[in-house]
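Structure file coords.csv (CSV, N, CA, C and O atoms) follows.
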chain,number,residue,atom,x,y,z
A,1,ARG,N,110.5,-151.8,148.4
A,1,ARG,CA,110.1,-152.0,147.1
A,1,ARG,C,108.8,-152.8,147.1
A,1,ARG,O,108.7,-153.8,147.8
A,2,VAL,N,107.9,-152.4,146.3
A,2,VAL,CA,106.6,-153.2,146.2
A,2,VAL,C,106.3,-153.4,144.7
A,2,VAL,O,106.8,-152.7,143.8
A,3,THR,N,105.5,-154.4,144.4
A,3,THR,CA,105.1,-154.6,143.1
A,3,THR,C,104.0,-153.6,142.7
A,3,THR,O,103.3,-153.1,143.5
A,4,SER,N,103.9,-153.3,141.4
A,4,SER,CA,102.9,-152.4,140.9
A,4,SER,C,102.6,-152.7,139.5
A,4,SER,O,103.5,-153.1,138.7
A,5,LEU,N,101.4,-152.5,139.1
A,5,LEU,CA,101.0,-152.6,137.7
A,5,LEU,C,101.2,-151.2,137.0
A,5,LEU,O,101.1,-151.1,135.8
A,6,GLN,N,101.6,-150.2,137.7
A,6,GLN,CA,102.0,-148.9,137.2
A,6,GLN,C,103.3,-148.5,137.8
A,6,GLN,O,103.4,-147.5,138.5
A,7,PRO,N,104.4,-149.3,137.6
A,7,PRO,CA,105.6,-149.1,138.3
A,7,PRO,C,106.4,-147.9,137.8
A,7,PRO,O,106.3,-147.4,136.7
A,8,ASN,N,107.2,-147.4,138.7
A,8,ASN,CA,108.1,-146.3,138.4
A,8,ASN,C,109.6,-146.8,138.1
A,8,ASN,O,110.4,-146.1,137.8
A,9,CYS,N,109.7,-148.2,138.2
A,9,CYS,CA,111.0,-148.8,137.9
A,9,CYS,C,110.8,-150.1,137.2
A,9,CYS,O,109.7,-150.6,137.0
A,10,TYR,N,111.9,-150.6,136.7
A,10,TYR,CA,111.9,-152.0,136.0
A,10,TYR,C,113.2,-152.7,136.4
A,10,TYR,O,114.2,-152.1,136.9
A,11,THR,N,113.2,-154.0,136.3
A,11,THR,CA,114.4,-154.8,136.6
A,11,THR,C,115.1,-155.3,135.3
A,11,THR,O,114.5,-155.4,134.3
A,12,LYS,N,116.4,-155.5,135.5
A,12,LYS,CA,117.2,-156.0,134.4
A,12,LYS,C,118.2,-156.9,134.9
A,12,LYS,O,118.8,-156.7,136.0
A,13,ILE,N,118.5,-158.0,134.3
A,13,ILE,CA,119.6,-159.0,134.7
A,13,ILE,C,120.9,-158.6,134.0
A,13,ILE,O,120.9,-158.5,132.7
A,14,LEU,N,121.9,-158.3,134.7
A,14,LEU,CA,123.2,-158.0,134.2
A,14,LEU,C,124.2,-159.1,134.7
A,14,LEU,O,124.0,-159.7,135.7
A,15,VAL,N,125.3,-159.3,133.9
A,15,VAL,CA,126.3,-160.2,134.3
A,15,VAL,C,127.5,-159.4,134.7
A,15,VAL,O,128.1,-158.7,133.8
A,16,LEU,N,127.9,-159.5,135.9
A,16,LEU,CA,129.1,-158.7,136.5
A,16,LEU,C,130.1,-159.7,137.1
A,16,LEU,O,129.7,-160.5,137.9
A,17,ASP,N,131.3,-159.7,136.6
A,17,ASP,CA,132.3,-160.6,137.1
A,17,ASP,C,131.8,-162.0,137.0
A,17,ASP,O,132.1,-162.9,137.9
A,18,GLY,N,131.1,-162.3,135.9
A,18,GLY,CA,130.6,-163.7,135.7
A,18,GLY,C,129.4,-164.1,136.5
A,18,GLY,O,129.0,-165.3,136.4
A,19,LYS,N,128.9,-163.2,137.3
A,19,LYS,CA,127.7,-163.6,138.1
A,19,LYS,C,126.5,-162.7,137.7
A,19,LYS,O,126.7,-161.5,137.4
A,20,LYS,N,125.3,-163.4,137.7
A,20,LYS,CA,124.1,-162.7,137.3
A,20,LYS,C,123.7,-161.8,138.5
A,20,LYS,O,123.7,-162.3,139.6
A,21,LYS,N,123.3,-160.6,138.2
A,21,LYS,CA,122.8,-159.6,139.2
A,21,LYS,C,121.5,-159.0,138.7
A,21,LYS,O,121.4,-158.8,137.5
A,22,ILE,N,120.6,-158.8,139.5
A,22,ILE,CA,119.3,-158.1,139.2
A,22,ILE,C,119.5,-156.7,139.6
A,22,ILE,O,119.8,-156.4,140.8
A,23,VAL,N,119.3,-155.7,138.7
A,23,VAL,CA,119.4,-154.3,139.1
A,23,VAL,C,118.0,-153.7,138.8
A,23,VAL,O,117.2,-154.1,138.0
A,24,VAL,N,117.7,-152.7,139.6
A,24,VAL,CA,116.4,-152.0,139.5
A,24,VAL,C,116.7,-150.6,139.0
A,24,VAL,O,117.6,-149.9,139.5
A,25,LEU,N,116.1,-150.3,137.8
A,25,LEU,CA,116.3,-149.0,137.1
A,25,LEU,C,115.1,-148.2,137.1
A,25,LEU,O,114.0,-148.7,137.0
A,26,SER,N,115.2,-146.9,137.2
A,26,SER,CA,114.0,-146.0,137.2
A,26,SER,C,113.5,-145.8,135.8
A,26,SER,O,114.3,-145.7,134.9
A,27,LYS,N,112.2,-145.7,135.6
A,27,LYS,CA,111.5,-145.4,134.4
A,27,LYS,C,111.3,-143.9,134.2
A,27,LYS,O,111.1,-143.4,133.1
A,28,ARG,N,111.4,-143.2,135.3
A,28,ARG,CA,111.2,-141.7,135.3
A,28,ARG,C,111.9,-141.2,136.6
A,28,ARG,O,112.4,-141.9,137.4
A,29,ALA,N,111.8,-139.8,136.7
A,29,ALA,CA,112.3,-139.2,137.9
A,29,ALA,C,111.5,-139.6,139.1
A,29,ALA,O,110.3,-139.6,139.0
A,30,ILE,N,112.1,-140.0,140.2
A,30,ILE,CA,111.4,-140.4,141.4
A,30,ILE,C,111.6,-139.4,142.4
A,30,ILE,O,112.7,-138.9,142.7
A,31,GLN,N,110.5,-138.9,143.0
A,31,GLN,CA,110.5,-137.9,144.0
A,31,GLN,C,111.0,-138.4,145.3
A,31,GLN,O,110.8,-139.5,145.7
A,32,PRO,N,111.6,-137.5,146.1
A,32,PRO,CA,112.0,-137.9,147.5
A,32,PRO,C,110.8,-138.3,148.3
A,32,PRO,O,109.8,-137.7,148.2
A,33,GLY,N,111.0,-139.5,148.9
A,33,GLY,CA,109.9,-140.1,149.7
A,33,GLY,C,108.9,-140.9,149.0
A,33,GLY,O,108.1,-141.6,149.5
A,34,GLU,N,109.0,-140.9,147.6
A,34,GLU,CA,108.2,-141.8,146.8
A,34,GLU,C,108.6,-143.2,146.9
A,34,GLU,O,109.8,-143.6,146.9
A,35,GLU,N,107.6,-144.1,147.0
A,35,GLU,CA,107.9,-145.6,147.0
A,35,GLU,C,108.5,-146.1,145.7
A,35,GLU,O,108.1,-145.6,144.6
A,36,ILE,N,109.5,-146.9,145.8
A,36,ILE,CA,110.1,-147.6,144.6
A,36,ILE,C,109.2,-148.8,144.3
A,36,ILE,O,109.0,-149.7,145.1
A,37,THR,N,108.6,-148.8,143.0
A,37,THR,CA,107.7,-149.9,142.7
A,37,THR,C,108.2,-150.5,141.3
A,37,THR,O,108.7,-149.8,140.5
A,38,TYR,N,107.9,-151.8,141.2
A,38,TYR,CA,108.1,-152.5,139.9
A,38,TYR,C,107.2,-153.7,139.9
A,38,TYR,O,106.8,-154.2,140.9
A,39,ASP,N,107.0,-154.2,138.7
A,39,ASP,CA,106.1,-155.4,138.5
A,39,ASP,C,107.0,-156.6,138.7
A,39,ASP,O,107.9,-156.9,137.9
A,40,TYR,N,106.7,-157.5,139.7
A,40,TYR,CA,107.5,-158.7,139.9
A,40,TYR,C,107.3,-159.7,138.8
A,40,TYR,O,108.1,-160.6,138.7
A,41,GLN,N,106.2,-159.6,138.1
A,41,GLN,CA,105.9,-160.5,137.0
A,41,GLN,C,105.8,-162.0,137.4
A,41,GLN,O,106.3,-162.9,136.7
A,42,PHE,N,105.2,-162.2,138.6
A,42,PHE,CA,105.0,-163.6,139.0
A,42,PHE,C,104.1,-164.3,138.1
A,42,PHE,O,103.1,-163.7,137.6
A,43,ALA,N,104.3,-165.5,137.9
A,43,ALA,CA,103.4,-166.3,137.0
A,43,ALA,C,102.0,-166.5,137.8
A,43,ALA,O,102.0,-166.6,139.0
A,44,SER,N,101.0,-166.5,137.0
A,44,SER,CA,99.7,-166.6,137.6
A,44,SER,C,99.6,-168.1,138.1
A,44,SER,O,99.9,-169.0,137.5
A,45,GLU,N,99.1,-168.2,139.3
A,45,GLU,CA,99.0,-169.5,140.0
A,45,GLU,C,97.5,-169.8,140.3
A,45,GLU,O,96.8,-168.9,140.7
A,46,HIS,N,97.2,-171.0,140.3
A,46,HIS,CA,95.8,-171.4,140.7
A,46,HIS,C,95.8,-171.9,142.2
A,46,HIS,O,94.8,-172.4,142.6
A,47,ALA,N,96.8,-171.7,142.9
A,47,ALA,CA,96.9,-172.1,144.3
A,47,ALA,C,96.0,-171.3,145.1
A,47,ALA,O,95.6,-170.2,144.8
A,48,ARG,N,95.7,-171.8,146.3
A,48,ARG,CA,94.8,-171.0,147.2
A,48,ARG,C,95.6,-169.9,147.9
A,48,ARG,O,95.0,-169.0,148.3
A,49,ASN,N,96.9,-170.0,148.0
A,49,ASN,CA,97.7,-169.0,148.7
A,49,ASN,C,98.1,-167.9,147.8
A,49,ASN,O,99.2,-167.8,147.3
A,50,LYS,N,97.2,-167.0,147.5
A,50,LYS,CA,97.5,-165.8,146.6
A,50,LYS,C,98.2,-164.7,147.5
A,50,LYS,O,97.9,-164.6,148.7
A,51,ILE,N,99.1,-164.1,146.9
A,51,ILE,CA,99.8,-163.0,147.6
A,51,ILE,C,99.1,-161.7,147.3
A,51,ILE,O,99.1,-161.3,146.1
A,52,PRO,N,98.5,-161.0,148.3
A,52,PRO,CA,97.8,-159.8,148.0
A,52,PRO,C,98.7,-158.6,147.5
A,52,PRO,O,99.8,-158.5,148.0
A,53,CYS,N,98.2,-157.8,146.6
A,53,CYS,CA,98.9,-156.6,146.2
A,53,CYS,C,98.2,-155.4,146.8
A,53,CYS,O,97.0,-155.3,146.9
A,54,LYS,N,99.0,-154.5,147.2
A,54,LYS,CA,98.5,-153.3,147.9
A,54,LYS,C,99.1,-152.0,147.2
A,54,LYS,O,99.3,-151.0,147.8
A,55,CYS,N,99.3,-152.1,145.8
A,55,CYS,CA,99.9,-151.0,145.1
A,55,CYS,C,99.0,-149.8,145.0
A,55,CYS,O,99.4,-148.7,144.9
A,56,GLY,N,97.7,-150.0,145.0
A,56,GLY,CA,96.7,-149.0,144.9
A,56,GLY,C,96.5,-148.4,143.5
A,56,GLY,O,95.8,-147.5,143.3
A,57,ALA,N,97.1,-149.1,142.4
A,57,ALA,CA,96.9,-148.6,141.1
A,57,ALA,C,95.5,-148.9,140.6
A,57,ALA,O,94.9,-149.9,141.0
A,58,ALA,N,95.0,-148.1,139.8
A,58,ALA,CA,93.6,-148.2,139.3
A,58,ALA,C,93.4,-149.6,138.6
A,58,ALA,O,92.3,-150.1,138.7
A,59,ASN,N,94.4,-150.1,137.9
A,59,ASN,CA,94.3,-151.3,137.2
A,59,ASN,C,94.9,-152.5,137.9
A,59,ASN,O,95.2,-153.6,137.4
A,60,CYS,N,95.0,-152.4,139.3
A,60,CYS,CA,95.6,-153.5,140.1
A,60,CYS,C,94.8,-154.7,140.0
A,60,CYS,O,93.5,-154.6,140.2
A,61,ALA,N,95.4,-155.9,139.9
A,61,ALA,CA,94.7,-157.1,139.9
A,61,ALA,C,94.4,-157.6,141.3
A,61,ALA,O,93.6,-158.6,141.5
A,62,GLY,N,94.9,-157.0,142.3
A,62,GLY,CA,94.6,-157.3,143.7
A,62,GLY,C,95.5,-158.4,144.2
A,62,GLY,O,95.4,-158.8,145.4
A,63,ARG,N,96.4,-159.0,143.4
A,63,ARG,CA,97.3,-160.1,143.8
A,63,ARG,C,98.6,-160.1,143.0
A,63,ARG,O,98.6,-159.5,141.9
A,64,LEU,N,99.6,-160.7,143.5
A,64,LEU,CA,100.9,-160.7,142.8
A,64,LEU,C,101.1,-162.0,142.0
A,64,LEU,O,101.9,-162.0,141.1
A,65,ASN,N,100.3,-163.0,142.3
A,65,ASN,CA,100.4,-164.3,141.5
A,65,ASN,C,99.0,-164.8,141.1
A,65,ASN,O,98.0,-164.3,141.5
How does this structure look as structure tokens?
Amino acid sequence: RVTSLQPNCYTKILVLDGKKKIVVLSKRAIQPGEEITYDYQFASEHARNKIPCKCGAANCAGRLN
């Protein structure tokens, strides 16, 4: 799974047996061999250690944070 600004999935928090779980759900049909992508929604940071994004989307910001 990789982050993407044009993701084919999204995440949701569910409570199962009293415990929080994060599930990944598809936004559309995903083809065999297609990468599973979603937006991690990391907060923007002013730190020097930016995490590079390699999603390849036309509107990619180039970093995850």
Taking (94.8, -161.1, 142.5) in the file's coordinates, which residues come within 7 Å, counting only N, CA, C and O atoms, written as a list in words?
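Those residues, ordered by chain and then number, are Lys50, Ile51, Pro52, Cys53, Cys60, Ala61, Gly62, Arg63, Leu64 and Asn65 of chain A.
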Using backbone DSSP assignments, extract all strand (DSSP E) residues from stretch 1-40 of chain A; output them as a ChimeraX atom specification.
/A:2-3,9-16,19-26,37-38
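Ranking A:Glu35, A:Gln6, A:Thr11, A:Ser26 by their shortest atom-to-atom distance to A:Ala58, with all atoms listed in the file included, puts A:Gln6 first.
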Gap from atom O of A:Pro7 to atom CA of A:Asn49 - Å, one decimal
26.2 Å
One number please: atom CA of A:Ile36 to atom CA of A:Gly18, in Å, one decimal.
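We find that atom CA of A:Ile36 and atom CA of A:Gly18 lie 27.5 Å from each other.
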Calculated over all atoms listed in the file, which of the candidates A:Lys54, A:Asn8, A:Leu16, A:Asn59 has the smallest distance to A:Ile30?
A:Asn8
Students should find that atom O of A:Lys12 and atom O of A:Tyr40 are spaced 11.7 Å
Test item: residues at most 6 Å from A:Ile22, only N, CA, C and O atoms, excluding those fewer than 2 positions along its chain, as a PyMOL selection string:
chain A and resi 12-14+20+24
Given the choices A:Tyr38, A:Ala57, A:Arg28, A:Gly33, which gets closest to A:Tyr10 if the distance is worked out from only C-alpha atoms?
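Of A:Tyr38, A:Ala57, A:Arg28, A:Gly33, the one nearest A:Tyr10, counting only C-alpha atoms, is A:Tyr38.
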